[in-house]
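> Structure provided below as structure tokens; questions to follow.
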Number of protein chains: 2
Amino acid sequence: MPDSYSKEPIVLREKLARFTEHWAPRTIAAMNDHEFKVVKLQGEFTWHDHQETDETFLVLDGEMEIQMRDRTVTLREGEMFVIPKGVEHCPRATLECHVLVIEREGTVNTGDPGFKRETPGDFWVYAHD
Amino acid sequence: MPDSYSKEPIVLREKLARFTEHWAPRTIAAMNDHEFKVVKLQGEFTWHDHQETDETFLVLDGEMEIQMRDRTVTLREGEMFVIPKGVEHCPRATLECHVLVIEREGTVNTGDPGFKRETPGDFWVYAHD
């Protein structure tokens with residue numbers, strides 16, 4: 001097996017236990033040209049879009065909303081939603097919510113590399129760390 | 001929002017409640033050139049690989065094993081594993097296990113379009129069906 005892949009199961013709750021910051025996704029795995037990230041959300045993010053990639057949210061614990069210009073969807077544990085590329089959205093969560101995010105590698109969470117809420121703490125939390 | 005995307009949350013347990021067959025993945029969503037499928041596993045599949053795509057398993061309920069030639073990993077609820085492209089593997093589960101599978105669109109589950117366990121029942125179970 002190539003070295004860049006985890007050789008052990010990736011336990012999502014263990015990855016989430018390793019940080020406390022909100023809106024600071026941690027990359028936990030990659031497949032093809034896509035990445036899996038876990039993130040803790042609370043409060044409201046910023047309106048943005050991703051021109052080059054769809055973005056998938058799968059809620060692991062808690063509840064969140066994804067506001068879009070024409071609708072808002074509420075996601076709870078075991079529920080997912082795919083935001084099409086180019087669609088403006090703004091996630092928010094009243095209470096802390098844990099989410100698995102899937103997007104193309106290199107995606108910046110605000111959609112704008114220069115924006116201040118680009119995640120400074122983004123780093124790999126890998127299975128064999 | 002483009003019509004090909006679900007406009008409502010995709011509730012994984014609802015998708016799983018709509019079929020009973022084992023080893024018959026249902027595509028529930030797509031992002032970029034990848035697809036999300038839910039599948040119910042019980043028993044042992046067949047050894048195969050996918051030359052063109054990594055394959056991700058995320059267990060939603062139950063327990064499964066992924067046998068590879070050099071190791072076997074056990075996955076439980078909330079645990080995931082990425083099988084690198086080209087790596088032979090054979091999933092198995094003693095009791096029924098529910099899994100979210102992510103792979104590049106067009107992937108055949110046995111890795112061989114001519115093999116008899118290609119899934120005849122593969123179809124879209126979409127959020128707004």
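Residues are referred to by chain and number: the chain letter is A, B, ... according to the order shown in the structure tokens, the number counts from 1 in that chain, and ligands are numbered separately from 1 in the order shown.
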Write out as a list in words the residues lying within 12 Å of A:His22, counting only C-alpha atoms and excluding same-chain residues fewer than 2 positions away.
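Residues near the query, excluding close chain neighbours: Leu16, Phe19, Thr20, Ala24, Pro25, Arg26, Val38, Val39, Lys40, Leu41, Gln42, Gly43, Glu44, Phe45, Arg92, Ala93, Leu95, Glu96, Cys97, His98, Val99, Arg117, Thr119, Pro120, Gly121 and Asp122 of chain A.
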> At a cut-off of 8 Å, list the chain B residues touching chain A, using only C-alpha atoms, as a list in words.
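Putting it all together, I get Met1, Pro2, Tyr5, Ser6, Glu8, Pro9, Ile10, Val11, Leu12, Arg13, Ala29, Ala30, Met31, Asn32, Thr53, Asp54, Glu55, Thr56, Val73, Thr74, Leu75, Gly78, Glu79, Met80, Phe81, Val82, Pro84 and Val87 of chain B.
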> Where in chain B does DSSP assign strand (DSSP E), given as a ChimeraX atom specification?
/B:10-11,26-31,34-44,55-61,63-68,72-76,79-83,89-104
> Could you save the residues just selected, with C-alpha atoms, as a short mmCIF file (atom, residue, chain, number, x, y, z; two decimals), in the first residue's frame?

```cif
data_model
loop_
_atom_site.label_atom_id
_atom_site.label_comp_id
_atom_site.auth_asym_id
_atom_site.auth_seq_id
_atom_site.Cartn_x
_atom_site.Cartn_y
_atom_site.Cartn_z
CA ILE B 10 -29.91 13.55 2.08
CA VAL B 11 -30.91 11.41 5.05
CA ARG B 26 -27.46 2.67 -4.34
CA THR B 27 -26.09 5.97 -5.56
CA ILE B 28 -27.51 8.75 -3.39
CA ALA B 29 -25.50 11.79 -4.44
CA ALA B 30 -22.66 13.01 -6.62
CA MET B 31 -20.00 15.67 -6.21
CA HIS B 34 -17.40 11.22 -7.63
CA GLU B 35 -20.43 9.39 -6.32
CA PHE B 36 -21.77 8.56 -2.87
CA LYS B 37 -23.44 5.18 -2.49
CA VAL B 38 -25.08 3.43 0.43
CA VAL B 39 -24.77 -0.33 0.59
CA LYS B 40 -25.74 -3.16 2.93
CA LEU B 41 -23.08 -5.81 3.38
CA GLN B 42 -23.36 -9.27 4.82
CA GLY B 43 -21.17 -12.26 4.10
CA GLU B 44 -18.10 -12.08 1.91
CA GLU B 55 -12.43 3.78 -2.87
CA THR B 56 -13.60 5.03 0.52
CA PHE B 57 -15.70 3.06 3.01
CA LEU B 58 -17.37 4.85 5.93
CA VAL B 59 -19.34 2.57 8.25
CA LEU B 60 -22.74 3.95 9.25
CA ASP B 61 -23.96 1.00 11.30
CA GLU B 63 -18.97 -3.72 11.64
CA MET B 64 -17.09 -4.89 8.57
CA GLU B 65 -13.67 -6.07 7.57
CA ILE B 66 -11.68 -5.08 4.52
CA GLN B 67 -9.28 -7.84 3.66
CA MET B 68 -6.22 -6.83 1.68
CA THR B 72 -7.15 -6.80 7.24
CA VAL B 73 -8.77 -3.74 8.79
CA THR B 74 -11.92 -3.80 10.90
CA LEU B 75 -14.24 -0.81 10.60
CA ARG B 76 -17.05 0.10 12.99
CA GLU B 79 -14.75 4.73 11.07
CA MET B 80 -13.50 5.04 7.52
CA PHE B 81 -10.80 3.65 5.28
CA VAL B 82 -9.48 4.60 1.85
CA ILE B 83 -8.44 1.71 -0.39
CA HIS B 89 -9.39 -6.09 -1.44
CA CYS B 90 -12.32 -8.21 -0.33
CA PRO B 91 -14.94 -6.79 2.04
CA ARG B 92 -16.81 -9.01 4.44
CA ALA B 93 -19.24 -8.66 7.32
CA THR B 94 -20.50 -11.34 9.70
CA LEU B 95 -23.68 -9.41 10.50
CA GLU B 96 -25.39 -6.90 8.26
CA CYS B 97 -23.36 -3.71 8.04
CA HIS B 98 -24.42 -0.39 6.48
CA VAL B 99 -21.75 1.57 4.66
CA LEU B 100 -21.30 4.82 2.75
CA VAL B 101 -19.01 4.22 -0.22
CA ILE B 102 -17.37 7.00 -2.20
CA GLU B 103 -15.70 6.37 -5.53
CA ARG B 104 -15.25 7.90 -8.93
#
```
> One number please: atom CA of B:Arg18 to atom CA of B:Gly106, in Å, one decimal.
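That distance, rounded to one decimal, is 22.2 Å.
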> Quick one: pick out all helix (DSSP H, G or I) residues within chain B from a backbone DSSP run and write them as a list in words.
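Everything in chain B that counts as helix (DSSP H, G or I) is Leu12, Arg13, Glu14, Lys15 and Leu16 of chain B.
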> Rounded to one decimal place, report the atom CA of B:His48-atom CA of B:Lys15 distance in Å.
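Rounded to one decimal, the two atoms are 26.2 Å apart.
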> Just give me the gap between atom CA of B:Glu21 and atom CA of B:Glu105 in Å, one decimal is fine.
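Taking atom CA of B:Glu21 as the start and atom CA of B:Glu105 as the end point, the length is 21.4 Å.
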